[in-house]
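Below is the file work35.cif, which contains mmCIF, C-alpha atoms.
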data_final
#
loop_
_atom_site.label_atom_id
_atom_site.label_comp_id
_atom_site.auth_asym_id
_atom_site.auth_seq_id
_atom_site.Cartn_x
_atom_site.Cartn_y
_atom_site.Cartn_z
CA MET K 1 -3.58 -0.09 -4.03
CA ILE K 2 -0.75 -1.23 -6.30
CA GLU K 3 -1.74 -4.83 -5.57
CA PHE K 4 -5.38 -4.05 -6.40
CA LEU K 5 -4.31 -2.61 -9.76
CA ILE K 6 -2.06 -5.58 -10.55
CA HIS K 7 -4.92 -7.98 -9.77
CA GLY K 8 -7.20 -6.13 -12.14
CA LEU K 9 -4.74 -5.46 -14.97
CA GLN K 10 -2.17 -8.26 -15.22
CA ASP K 11 -4.38 -10.57 -17.30
CA VAL K 12 -4.79 -7.90 -19.97
CA TYR K 13 -1.47 -6.03 -19.97
CA SER K 14 2.19 -6.61 -19.35
CA VAL K 15 2.58 -4.74 -16.06
CA ALA K 16 5.73 -3.48 -14.37
CA VAL K 17 6.04 -1.77 -10.98
CA LEU K 18 8.65 0.85 -10.14
CA SER K 19 9.21 1.84 -6.52
CA ARG K 20 11.84 3.76 -4.62
CA GLY K 21 12.40 0.79 -2.31
CA TYR K 22 12.37 2.90 0.83
CA LYS K 23 14.99 1.95 3.47
CA ARG K 24 16.43 -0.86 1.33
CA LYS K 25 20.08 -1.78 1.83
CA SER K 26 20.97 -1.63 -1.89
CA LYS K 27 21.69 1.24 -4.27
CA GLY K 28 20.68 2.19 -7.80
CA PHE K 29 18.41 0.23 -10.13
CA LEU K 30 17.50 -3.29 -9.11
CA LEU K 31 15.06 -5.68 -10.76
CA ALA K 32 13.48 -8.23 -8.42
CA ARG K 33 14.46 -11.86 -8.97
CA LYS K 34 13.97 -15.13 -7.11
CA GLU K 35 17.14 -14.60 -5.10
CA SER K 36 16.21 -11.04 -4.02
CA THR K 37 15.89 -10.30 -0.31
CA VAL K 38 13.68 -7.87 1.55
CA ALA K 39 16.81 -5.92 2.53
CA GLU K 40 17.72 -5.46 -1.15
CA LEU K 41 14.27 -4.46 -2.40
CA GLY K 42 12.56 -2.91 0.61
CA ASP K 43 9.52 -4.40 2.27
CA GLU K 44 6.73 -3.25 -0.06
CA PRO K 45 8.42 -4.16 -3.40
CA PHE K 46 9.49 -7.50 -1.89
CA GLN K 47 5.91 -8.20 -0.80
CA ILE K 48 4.57 -7.31 -4.25
CA TYR K 49 7.10 -9.46 -6.09
CA ARG K 50 6.45 -12.44 -3.83
CA LYS K 51 2.73 -12.19 -4.57
CA PHE K 52 3.15 -11.51 -8.28
CA PRO K 53 6.33 -13.27 -9.47
CA ASP K 54 5.37 -12.80 -13.12
CA VAL K 55 5.27 -9.00 -12.75
CA ALA K 56 8.48 -7.02 -13.28
CA VAL K 57 9.10 -5.25 -9.95
CA ALA K 58 11.97 -2.77 -9.90
CA VAL K 59 13.38 -0.29 -7.40
CA ASP K 60 15.29 2.90 -8.07
CA ALA K 61 15.32 6.20 -6.19
CA ASP K 62 16.00 7.85 -9.56
CA ARG K 63 12.65 7.34 -11.28
CA GLN K 64 13.97 8.51 -14.67
CA ASN K 65 16.77 5.96 -14.55
CA GLY K 66 14.37 3.25 -13.42
CA MET K 67 11.97 4.00 -16.27
CA ALA K 68 14.82 3.95 -18.78
CA HIS K 69 15.88 0.49 -17.61
CA LEU K 70 12.33 -0.87 -17.76
CA GLU K 71 11.68 0.57 -21.21
CA LYS K 72 14.94 -0.89 -22.51
CA ASP K 73 15.00 -4.29 -20.83
CA ILE K 74 11.36 -5.18 -20.07
CA VAL K 75 9.23 -3.08 -22.48
CA PRO K 76 5.99 -3.44 -20.49
CA ASP K 77 2.60 -2.20 -21.64
CA MET K 78 2.36 -0.08 -18.50
CA VAL K 79 4.43 0.90 -15.48
CA LEU K 80 2.78 1.47 -12.12
CA LEU K 81 4.84 4.01 -10.20
CA ASP K 82 4.40 3.62 -6.48
CA ASP K 83 4.44 6.85 -4.45
CA ALA K 84 5.56 8.99 -7.38
CA TYR K 85 2.88 11.68 -7.68
CA GLN K 86 5.31 14.35 -6.49
CA HIS K 87 8.08 13.38 -8.93
CA ARG K 88 8.10 15.93 -11.76
CA LYS K 89 10.96 14.39 -13.75
CA VAL K 90 8.76 11.50 -14.85
CA THR K 91 5.50 12.54 -16.50
CA ALA K 92 2.76 9.96 -16.16
CA GLY K 93 -0.14 9.55 -18.56
CA LEU K 94 -2.60 8.89 -15.75
CA TYR K 95 -2.37 10.23 -12.20
CA ILE K 96 -4.16 8.59 -9.27
CA LEU K 97 -4.11 10.58 -6.03
CA LEU K 98 -4.74 8.72 -2.76
CA THR K 99 -5.98 10.63 0.27
CA ALA K 100 -6.91 9.03 3.59
CA TYR K 101 -10.32 9.40 5.19
CA GLY K 102 -9.88 11.39 8.38
CA LYS K 103 -6.83 13.17 6.96
CA LEU K 104 -7.83 14.53 3.58
CA TYR K 105 -5.19 16.45 1.66
CA VAL K 106 -7.31 19.60 1.93
CA ASP K 107 -6.76 19.46 5.73
CA ASP K 108 -3.10 18.40 5.60
CA HIS K 109 0.24 20.19 5.33
CA TYR K 110 3.72 19.65 3.92
CA LEU K 111 6.17 17.37 5.71
CA PRO K 112 7.28 17.57 8.49
CA THR K 113 4.24 19.49 9.82
CA GLY K 114 1.90 17.11 8.00
CA ASP K 115 2.12 14.16 5.62
CA LEU K 116 1.91 15.90 2.24
CA ARG K 117 4.82 15.51 -0.17
CA ASP K 118 3.37 17.98 -2.65
CA SER K 119 1.39 21.20 -2.60
CA ARG K 120 -2.37 20.85 -2.15
CA ARG K 121 -2.93 22.77 -5.36
CA GLU K 122 -1.16 19.98 -7.27
CA ALA K 123 -4.26 17.82 -6.70
CA ARG K 124 -5.52 19.41 -9.92
CA ARG K 125 -3.13 17.14 -11.85
CA ALA K 126 -4.98 14.02 -10.70
CA HIS K 127 -7.28 12.23 -13.09
CA ILE K 128 -8.68 10.05 -10.29
CA ILE K 129 -8.85 10.82 -6.55
CA ILE K 130 -9.35 7.87 -4.20
CA VAL K 131 -10.37 8.41 -0.58
CA THR K 132 -8.86 5.42 1.22
CA LYS K 133 -9.43 3.79 4.64
CA CYS K 134 -13.07 4.85 4.83
CA PRO K 135 -15.31 3.26 7.47
CA PRO K 136 -16.94 0.21 5.83
CA ASP K 137 -20.36 1.59 6.78
CA ILE K 138 -19.81 5.15 5.51
CA SER K 139 -23.05 6.59 4.15
CA SER K 140 -23.59 7.94 0.67
CA GLU K 141 -24.34 11.32 2.28
CA ALA K 142 -20.96 11.33 4.04
CA ARG K 143 -19.20 10.47 0.80
CA GLU K 144 -20.99 13.30 -0.97
CA GLY K 145 -19.89 15.65 1.81
CA ILE K 146 -16.27 14.64 1.22
CA ARG K 147 -16.65 15.21 -2.52
CA LYS K 148 -17.83 18.74 -1.84
CA ARG K 149 -14.87 19.37 0.45
CA LEU K 150 -12.39 18.11 -2.15
CA LYS K 151 -13.98 20.28 -4.88
CA PRO K 152 -12.88 18.06 -7.79
CA GLN K 153 -12.32 19.51 -11.23
CA PRO K 154 -14.78 18.52 -13.98
CA HIS K 155 -12.28 15.97 -15.36
CA GLN K 156 -11.71 14.27 -11.99
CA GLN K 157 -13.37 11.15 -10.62
CA VAL K 158 -13.62 10.82 -6.82
CA LEU K 159 -13.82 7.20 -5.60
CA PHE K 160 -14.01 5.68 -2.11
CA SER K 161 -12.34 2.56 -0.72
CA TYR K 162 -11.96 0.79 2.61
CA LEU K 163 -9.63 -1.83 4.08
CA ASP K 164 -11.08 -5.33 4.16
CA TYR K 165 -9.41 -7.60 6.72
CA ASP K 166 -9.27 -11.35 6.26
CA HIS K 167 -10.81 -13.61 8.91
CA THR K 168 -7.75 -15.87 9.07
CA LEU K 169 -4.13 -15.10 9.82
CA VAL K 170 -1.18 -16.57 7.95
CA GLY K 171 2.04 -17.88 9.47
CA VAL K 172 4.90 -20.20 8.62
CA GLU K 173 3.05 -23.13 10.16
CA GLY K 174 -0.24 -22.43 8.37
CA THR K 175 -3.34 -20.36 9.10
CA GLN K 176 -5.20 -19.58 12.29
CA THR K 177 -8.50 -17.91 13.13
CA LEU K 178 -8.70 -14.97 15.52
CA SER K 179 -9.95 -17.27 18.27
CA PHE K 180 -6.41 -18.69 18.44
CA PHE K 181 -5.20 -15.27 19.65
CA GLU K 182 -7.64 -14.79 22.52
CA GLU K 183 -4.82 -14.93 25.09
CA ASP K 184 -1.18 -13.78 25.34
CA THR K 185 -1.12 -11.90 22.05
CA THR K 186 1.25 -9.14 21.00
CA VAL K 187 0.54 -6.92 17.99
CA VAL K 188 3.70 -5.62 16.32
CA THR K 189 3.47 -2.78 13.79
CA GLY K 190 6.10 -0.92 11.81
CA ILE K 191 3.74 1.02 9.53
CA ALA K 192 2.81 4.68 9.23
CA ASN K 193 -0.70 4.34 10.66
CA PRO K 194 -1.59 1.22 12.66
CA LYS K 195 -4.89 2.70 13.89
CA PRO K 196 -7.21 0.92 11.38
CA LEU K 197 -5.66 -2.47 12.22
CA LEU K 198 -5.94 -1.88 15.94
CA GLN K 199 -9.54 -0.74 15.58
CA TYR K 200 -10.37 -3.90 13.66
CA LEU K 201 -8.75 -6.21 16.22
CA THR K 202 -10.40 -4.39 19.13
CA GLY K 203 -13.72 -4.55 17.31
CA GLN K 204 -13.28 -8.31 17.08
CA GLY K 205 -13.00 -8.43 20.88
CA LEU K 206 -9.28 -9.20 20.93
CA ALA K 207 -7.19 -8.17 23.94
CA TYR K 208 -3.54 -7.57 23.06
CA GLU K 209 -0.29 -5.80 23.83
CA HIS K 210 0.76 -3.37 21.09
CA LEU K 211 4.41 -2.72 20.23
CA GLU K 212 4.68 0.15 17.76
CA PHE K 213 7.74 0.89 15.62
CA GLY K 214 8.42 3.42 12.86
CA ASP K 215 7.37 2.84 9.26
CA HIS K 216 9.59 0.34 7.38
CA HIS K 217 11.46 -0.42 10.61
CA PHE K 218 14.27 -2.97 10.41
CA PHE K 219 14.40 -4.74 13.77
CA THR K 220 17.60 -4.89 15.81
CA PRO K 221 18.96 -8.17 17.26
CA ASN K 222 17.89 -7.06 20.73
CA GLN K 223 14.37 -6.28 19.53
CA LEU K 224 14.15 -9.66 17.79
CA LEU K 225 15.25 -11.33 21.02
CA LYS K 226 12.40 -9.64 22.89
CA LEU K 227 9.87 -10.55 20.20
CA ASN K 228 10.92 -14.19 20.32
CA ALA K 229 9.98 -14.22 23.99
CA LYS K 230 6.36 -13.44 23.08
CA THR K 231 3.80 -16.23 22.95
CA LYS K 232 1.82 -15.16 19.87
CA ILE K 233 2.46 -12.25 17.52
CA ILE K 234 0.11 -10.62 15.02
CA THR K 235 1.65 -8.23 12.53
CA THR K 236 0.98 -6.67 9.14
CA GLU K 237 2.03 -8.32 5.90
CA LYS K 238 4.58 -5.58 5.29
CA ASP K 239 6.13 -6.21 8.70
CA TYR K 240 5.93 -9.97 8.23
CA VAL K 241 8.30 -9.96 5.25
CA ARG K 242 10.90 -8.22 7.45
CA LEU K 243 10.38 -10.55 10.42
CA GLU K 244 9.85 -13.87 8.65
CA GLY K 245 12.44 -16.46 9.66
CA LYS K 246 13.62 -14.27 12.54
CA VAL K 247 10.66 -14.47 14.92
CA LYS K 248 8.68 -17.53 15.94
CA ASN K 249 4.91 -17.69 16.52
CA LEU K 250 4.47 -14.95 13.92
CA TYR K 251 1.28 -14.38 11.90
CA TYR K 252 0.02 -11.62 9.65
CA LEU K 253 -3.45 -10.40 8.83
CA ARG K 254 -4.11 -10.01 5.11
CA ILE K 255 -5.86 -6.87 3.91
CA ARG K 256 -7.13 -5.68 0.56
CA HIS K 257 -8.72 -2.55 -0.83
CA ARG K 258 -12.46 -2.73 -1.46
CA PHE K 259 -14.50 -0.10 -3.23
CA PHE K 260 -18.07 1.02 -2.72
CA ASP K 261 -20.79 0.76 -5.38
CA GLU K 262 -18.69 -1.01 -8.02
CA GLU K 263 -16.23 1.90 -8.08
CA GLY K 264 -13.32 -0.55 -8.32
CA ALA K 265 -14.64 -1.67 -11.70
CA LEU K 266 -15.01 1.99 -12.66
CA LEU K 267 -11.36 2.62 -11.76
CA LEU K 268 -10.18 -0.28 -13.93
CA ARG K 269 -12.43 0.86 -16.76
CA GLU K 270 -10.87 4.32 -16.66
CA ILE K 271 -7.42 2.75 -16.95
CA HIS K 272 -8.55 0.53 -19.86
CA ASN K 273 -9.93 3.61 -21.63
CA PHE K 274 -6.66 5.43 -21.04
CA MET K 275 -4.70 2.53 -22.52
CA LYS K 276 -6.92 2.46 -25.61
CA ARG K 277 -6.24 6.15 -26.24
CA TYR K 278 -2.49 5.58 -26.15
CA SER K 279 -2.33 2.23 -27.96
#
Translate this file's structure into structure tokens.
Amino acid sequence: MIEFLIHGLQDVYSVAVLSRGYKRKSKGFLLARKESTVAELGDEPFQIYRKFPDVAVAVDADRQNGMAHLEKDIVPDMVLLDDAYQHRKVTAGLYILLTAYGKLYVDDHYLPTGDLRDSRREARRAHIIIVTKCPPDISSEAREGIRKRLKPQPHQQVLFSYLDYDHTLVGVEGTQTLSFFEEDTTVVTGIANPKPLLQYLTGQGLAYEHLEFGDHHFFTPNQLLKLNAKTKIITTEKDYVRLEGKVKNLYYLRIRHRFFDEEGALLLREIHNFMKRYS
């Protein structure tokens, strides 16, 4: 979703991104640069910076300190804070709450019982609620049913998005279509929920072996040795940046957020209106 927002906003505003940099090997505030590694930044910030080298991408577990550095050294028009809804020490002007189809926050619980990092009642702080990972063919009636379950406040917009998978896979040696992976394919995932990816690949008629690791997993030498014995590997883009240069025959499947009924344009319009109020 951060990448979707950058795509839609970077031509109009000076955009910066601030992330915790989960499981990175560095400490404190760090601003991405050409020499930065995935170990220093963490996989998601590294992926974002590689795609958007003109965007200031910073990591800091202390969001206040990170904001102070960005305001002093970069002075962007806006800062997109990744995974920061639960952080009270930094007050945002606009809050976007993401909740996954099939595991809405109204049905979820605090960690470690569930996946919530904040109380369900704090959803009232959101200006925009986005239901992510919806089935691409979800009906308008089903979406309306979800709206009723979420019970949005009068000031809240509820939008719906789905994951759109590319038809080609990207690797060091170029791109390949899915037909290239009809035999001897291993799918490697180190993400929180690989189910949508696996459903897509199965729906495309692909037979594969699946090796599942924890989210943001950094692979051990022994694990890399085993992966290098595989004939063809499909992984996610987030996993690819951690495995690139370490595993051969490696490809990733690009994904992007898509919205229903022009709701992506509505989301960007809401952000533009917010920026006008504070300019």
Taking all listed atoms of segment 21-40 of chain K, build the axis-aligned box, pad each of the six sides by 6 Å, then write its centre and edge lengths in Å to one decimal as JSON.
{"center_x": 17.0, "center_y": -6.1, "center_z": -3.6, "size_x": 21.3, "size_y": 30.0, "size_z": 26.2}
Contacts of segment 20-36 of chain K at 9 Å or less, counting all atoms listed in the file, minus same-chain residues fewer than 3 places along, as a ChimeraX atom specification? /K:39-46,49-50,53,56-63,65-66,69-70,81-84,216-218
Export of the given selection (C-alpha atoms) as a PDB file, in the coordinates of the input:
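Contents of result.pdb, freshly written:
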ATOM      1  CA  ALA K  39      16.810  -5.920   2.530  1.00  0.00           C
ATOM      2  CA  GLU K  40      17.720  -5.460  -1.150  1.00  0.00           C
ATOM      3  CA  LEU K  41      14.270  -4.460  -2.400  1.00  0.00           C
ATOM      4  CA  GLY K  42      12.560  -2.910   0.610  1.00  0.00           C
ATOM      5  CA  ASP K  43       9.520  -4.400   2.270  1.00  0.00           C
ATOM      6  CA  GLU K  44       6.730  -3.250  -0.060  1.00  0.00           C
ATOM      7  CA  PRO K  45       8.420  -4.160  -3.400  1.00  0.00           C
ATOM      8  CA  PHE K  46       9.490  -7.500  -1.890  1.00  0.00           C
ATOM      9  CA  TYR K  49       7.100  -9.460  -6.090  1.00  0.00           C
ATOM     10  CA  ARG K  50       6.450 -12.440  -3.830  1.00  0.00           C
ATOM     11  CA  PRO K  53       6.330 -13.270  -9.470  1.00  0.00           C
ATOM     12  CA  ALA K  56       8.480  -7.020 -13.280  1.00  0.00           C
ATOM     13  CA  VAL K  57       9.100  -5.250  -9.950  1.00  0.00           C
ATOM     14  CA  ALA K  58      11.970  -2.770  -9.900  1.00  0.00           C
ATOM     15  CA  VAL K  59      13.380  -0.290  -7.400  1.00  0.00           C
ATOM     16  CA  ASP K  60      15.290   2.900  -8.070  1.00  0.00           C
ATOM     17  CA  ALA K  61      15.320   6.200  -6.190  1.00  0.00           C
ATOM     18  CA  ASP K  62      16.000   7.850  -9.560  1.00  0.00           C
ATOM     19  CA  ARG K  63      12.650   7.340 -11.280  1.00  0.00           C
ATOM     20  CA  ASN K  65      16.770   5.960 -14.550  1.00  0.00           C
ATOM     21  CA  GLY K  66      14.370   3.250 -13.420  1.00  0.00           C
ATOM     22  CA  HIS K  69      15.880   0.490 -17.610  1.00  0.00           C
ATOM     23  CA  LEU K  70      12.330  -0.870 -17.760  1.00  0.00           C
ATOM     24  CA  LEU K  81       4.840   4.010 -10.200  1.00  0.00           C
ATOM     25  CA  ASP K  82       4.400   3.620  -6.480  1.00  0.00           C
ATOM     26  CA  ASP K  83       4.440   6.850  -4.450  1.00  0.00           C
ATOM     27  CA  ALA K  84       5.560   8.990  -7.380  1.00  0.00           C
ATOM     28  CA  HIS K 216       9.590   0.340   7.380  1.00  0.00           C
ATOM     29  CA  HIS K 217      11.460  -0.420  10.610  1.00  0.00           C
ATOM     30  CA  PHE K 218      14.270  -2.970  10.410  1.00  0.00           C
TER      31      PHE K 218
END
Nearest-residue call for Phe259 of chain K, choices K:Pro196, K:Gly145, K:Pro135, K:Gly174, using all atoms listed in the file: K:Pro135
Please compute the atom CA of Pro194 of chain K-atom CA of Gln86 of chain K distance, one decimal, in Å. 24.2 Å
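Each of K:Thr168, K:Thr185, K:Thr231, K:Asn273 was compared to Leu206 of chain K using all atoms listed in the file, and K:Thr185 turns out to be the nearest.
What separates atom CA of Ile128 of chain K from atom CA of Asp107 of chain K is a distance of 18.7 Å.
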Decode the PyMOL selection byres ((chain K and resi 74) around 12) for the given file into explicit residues and return them as a VMD selection string. chain K and resid 14 to 18 31 54 to 58 66 to 73 75 to 79
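Between atom CA of Thr175 of chain K and atom CA of Val187 of chain K there is a distance of 16.6 Å.
Using only C-alpha atoms for every distance, the candidate list K:Arg277, K:His210, K:Arg258, K:His109 yields K:His210 as the residue closest to Lys230 of chain K.
Residues selected in this file by the PyMOL selection byres ((chain K and resi 263) around 12) comprise Ile128, Ile129, Ile130, Val131, Gln157, Val158, Leu159, Phe160, Ser161, Tyr162, His257, Arg258, Phe259, Phe260, Asp261, Glu262, Gly264, Ala265, Leu266, Leu267, Leu268, Arg269 and Glu270 of chain K.
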With C-alpha atoms retained, could you export that selection as a tab-separated table (two decimals), in the frame of the given file?
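The file below, selection08.tsv, is the result:
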chain	number	residue	atom	x	y	z
K	128	ILE	CA	-8.68	10.05	-10.29
K	129	ILE	CA	-8.85	10.82	-6.55
K	130	ILE	CA	-9.35	7.87	-4.20
K	131	VAL	CA	-10.37	8.41	-0.58
K	157	GLN	CA	-13.37	11.15	-10.62
K	158	VAL	CA	-13.62	10.82	-6.82
K	159	LEU	CA	-13.82	7.20	-5.60
K	160	PHE	CA	-14.01	5.68	-2.11
K	161	SER	CA	-12.34	2.56	-0.72
K	162	TYR	CA	-11.96	0.79	2.61
K	257	HIS	CA	-8.72	-2.55	-0.83
K	258	ARG	CA	-12.46	-2.73	-1.46
K	259	PHE	CA	-14.50	-0.10	-3.23
K	260	PHE	CA	-18.07	1.02	-2.72
K	261	ASP	CA	-20.79	0.76	-5.38
K	262	GLU	CA	-18.69	-1.01	-8.02
K	264	GLY	CA	-13.32	-0.55	-8.32
K	265	ALA	CA	-14.64	-1.67	-11.70
K	266	LEU	CA	-15.01	1.99	-12.66
K	267	LEU	CA	-11.36	2.62	-11.76
K	268	LEU	CA	-10.18	-0.28	-13.93
K	269	ARG	CA	-12.43	0.86	-16.76
K	270	GLU	CA	-10.87	4.32	-16.66
For Tyr105 of chain K, the nearest of the candidates K:Thr186, K:Thr202, K:Ser139, K:Ser119, counting all atoms listed in the file: K:Ser119
Report as a VMD selection string the residues that result from applying the PyMOL selection byres ((chain K and resi 169) around 7) to the structure here. chain K and resid 167 to 168 170 to 171 175 to 177 251 to 254
Excluding Asp115 of chain K and its own-chain neighbours fewer than 4 positions away, which residues fall within 12 Å of it when counting all atoms listed in the file? Please give them as a list in words. Thr99, Ala100, Lys103, Leu104, Tyr105, Val106, Asp107, Asp108, His109, Tyr110, Leu111, Ser119, Arg120, Ala192 and Asn193 of chain K
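When all atoms listed in the file are used to measure the gap to Gln199 of chain K, the shortest distance among K:Lys226, K:His7, K:Arg149, K:Lys133 belongs to K:Lys133.
Closest approach to Pro154 of chain K from the set K:Arg121, K:Lys195, K:His127, K:Lys51 is made by K:His127, with distances taken over all atoms listed in the file.
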Tell me which protein, DNA and RNA residues are within 9 Å of Glu183 of chain K, counting all atoms listed in the file, leaving out same-chain ones fewer than 3 positions away, and put them as a VMD selection string. chain K and resid 179 to 180 206 to 208 231 to 232
Export segment 187-268 of chain K of the preceding structure, keeping C-alpha atoms, as a PDB file, in the first residue's frame.
ATOM      1  CA  VAL K 187       7.821 -21.743  -3.867  1.00  0.00           C
ATOM      2  CA  VAL K 188       9.700 -20.070  -1.010  1.00  0.00           C
ATOM      3  CA  THR K 189       7.881 -17.632   1.283  1.00  0.00           C
ATOM      4  CA  GLY K 190       9.001 -15.678   4.321  1.00  0.00           C
ATOM      5  CA  ILE K 191       5.903 -13.494   4.691  1.00  0.00           C
ATOM      6  CA  ALA K 192       3.109 -13.321   7.245  1.00  0.00           C
ATOM      7  CA  ASN K 193       0.404 -14.790   5.012  1.00  0.00           C
ATOM      8  CA  PRO K 194       1.429 -16.704   1.878  1.00  0.00           C
ATOM      9  CA  LYS K 195      -2.099 -18.018   1.276  1.00  0.00           C
ATOM     10  CA  PRO K 196      -3.138 -15.491  -1.438  1.00  0.00           C
ATOM     11  CA  LEU K 197       0.036 -16.197  -3.440  1.00  0.00           C
ATOM     12  CA  LEU K 198      -0.414 -19.943  -3.171  1.00  0.00           C
ATOM     13  CA  GLN K 199      -4.064 -19.665  -4.181  1.00  0.00           C
ATOM     14  CA  TYR K 200      -3.075 -17.653  -7.243  1.00  0.00           C
ATOM     15  CA  LEU K 201      -0.386 -20.120  -8.334  1.00  0.00           C
ATOM     16  CA  THR K 202      -2.674 -23.105  -7.765  1.00  0.00           C
ATOM     17  CA  GLY K 203      -5.418 -21.335  -9.695  1.00  0.00           C
ATOM     18  CA  GLN K 204      -2.990 -20.980 -12.590  1.00  0.00           C
ATOM     19  CA  GLY K 205      -2.591 -24.763 -12.607  1.00  0.00           C
ATOM     20  CA  LEU K 206       0.942 -24.741 -11.210  1.00  0.00           C
ATOM     21  CA  ALA K 207       2.215 -27.755  -9.266  1.00  0.00           C
ATOM     22  CA  TYR K 208       4.917 -26.846  -6.745  1.00  0.00           C
ATOM     23  CA  GLU K 209       6.684 -27.625  -3.497  1.00  0.00           C
ATOM     24  CA  HIS K 210       6.155 -24.944  -0.836  1.00  0.00           C
ATOM     25  CA  LEU K 211       8.826 -24.055   1.730  1.00  0.00           C
ATOM     26  CA  GLU K 212       7.401 -21.675   4.322  1.00  0.00           C
ATOM     27  CA  PHE K 213       9.491 -19.520   6.662  1.00  0.00           C
ATOM     28  CA  GLY K 214       8.597 -16.834   9.194  1.00  0.00           C
ATOM     29  CA  ASP K 215       7.930 -13.227   8.207  1.00  0.00           C
ATOM     30  CA  HIS K 216      11.104 -11.241   7.370  1.00  0.00           C
ATOM     31  CA  HIS K 217      13.179 -14.416   7.706  1.00  0.00           C
ATOM     32  CA  PHE K 218      16.924 -14.097   7.114  1.00  0.00           C
ATOM     33  CA  PHE K 219      18.096 -17.396   5.645  1.00  0.00           C
ATOM     34  CA  THR K 220      20.909 -19.386   7.234  1.00  0.00           C
ATOM     35  CA  PRO K 221      23.885 -20.713   5.205  1.00  0.00           C
ATOM     36  CA  ASN K 222      22.483 -24.238   5.484  1.00  0.00           C
ATOM     37  CA  GLN K 223      19.074 -23.110   4.232  1.00  0.00           C
ATOM     38  CA  LEU K 224      20.697 -21.270   1.318  1.00  0.00           C
ATOM     39  CA  LEU K 225      22.620 -24.429   0.463  1.00  0.00           C
ATOM     40  CA  LYS K 226      19.372 -26.392   0.279  1.00  0.00           C
ATOM     41  CA  LEU K 227      17.672 -23.702  -1.820  1.00  0.00           C
ATOM     42  CA  ASN K 228      20.554 -23.692  -4.287  1.00  0.00           C
ATOM     43  CA  ALA K 229      19.889 -27.376  -4.906  1.00  0.00           C
ATOM     44  CA  LYS K 230      16.409 -26.538  -6.212  1.00  0.00           C
ATOM     45  CA  THR K 231      15.792 -26.358  -9.955  1.00  0.00           C
ATOM     46  CA  LYS K 232      13.465 -23.343 -10.088  1.00  0.00           C
ATOM     47  CA  ILE K 233      12.337 -21.073  -7.259  1.00  0.00           C
ATOM     48  CA  ILE K 234       9.405 -18.664  -7.133  1.00  0.00           C
ATOM     49  CA  THR K 235       9.312 -16.229  -4.245  1.00  0.00           C
ATOM     50  CA  THR K 236       7.805 -12.891  -3.247  1.00  0.00           C
ATOM     51  CA  GLU K 237       9.491  -9.592  -3.991  1.00  0.00           C
ATOM     52  CA  LYS K 238      10.106  -9.034  -0.287  1.00  0.00           C
ATOM     53  CA  ASP K 239      11.845 -12.403  -0.026  1.00  0.00           C
ATOM     54  CA  TYR K 240      13.715 -11.818  -3.272  1.00  0.00           C
ATOM     55  CA  VAL K 241      15.613  -8.802  -1.909  1.00  0.00           C
ATOM     56  CA  ARG K 242      16.896 -11.025   0.931  1.00  0.00           C
ATOM     57  CA  LEU K 243      17.822 -13.921  -1.356  1.00  0.00           C
ATOM     58  CA  GLU K 244      19.146 -12.053  -4.391  1.00  0.00           C
ATOM     59  CA  GLY K 245      22.760 -12.945  -5.151  1.00  0.00           C
ATOM     60  CA  LYS K 246      22.634 -15.875  -2.731  1.00  0.00           C
ATOM     61  CA  VAL K 247      20.333 -18.290  -4.564  1.00  0.00           C
ATOM     62  CA  LYS K 248      20.385 -19.244  -8.232  1.00  0.00           C
ATOM     63  CA  ASN K 249      17.338 -19.872 -10.441  1.00  0.00           C
ATOM     64  CA  LEU K 250      15.394 -17.366  -8.339  1.00  0.00           C
ATOM     65  CA  TYR K 251      12.353 -15.410  -9.584  1.00  0.00           C
ATOM     66  CA  TYR K 252       9.725 -13.266  -7.915  1.00  0.00           C
ATOM     67  CA  LEU K 253       6.129 -12.524  -8.786  1.00  0.00           C
ATOM     68  CA  ARG K 254       5.258  -8.835  -8.749  1.00  0.00           C
ATOM     69  CA  ILE K 255       2.040  -7.760  -7.060  1.00  0.00           C
ATOM     70  CA  ARG K 256       0.226  -4.462  -6.701  1.00  0.00           C
ATOM     71  CA  HIS K 257      -2.853  -3.195  -4.933  1.00  0.00           C
ATOM     72  CA  ARG K 258      -5.897  -2.611  -7.125  1.00  0.00           C
ATOM     73  CA  PHE K 259      -9.098  -0.958  -6.006  1.00  0.00           C
ATOM     74  CA  PHE K 260     -12.684  -1.548  -7.042  1.00  0.00           C
ATOM     75  CA  ASP K 261     -14.887   1.086  -8.702  1.00  0.00           C
ATOM     76  CA  GLU K 262     -12.240   3.805  -8.973  1.00  0.00           C
ATOM     77  CA  GLU K 263     -11.778   3.803  -5.195  1.00  0.00           C
ATOM     78  CA  GLY K 264      -8.014   4.167  -5.644  1.00  0.00           C
ATOM     79  CA  ALA K 265      -8.601   7.558  -7.244  1.00  0.00           C
ATOM     80  CA  LEU K 266     -10.943   8.401  -4.370  1.00  0.00           C
ATOM     81  CA  LEU K 267      -8.205   7.525  -1.854  1.00  0.00           C
ATOM     82  CA  LEU K 268      -5.698   9.803  -3.588  1.00  0.00           C
TER      83      LEU K 268
END
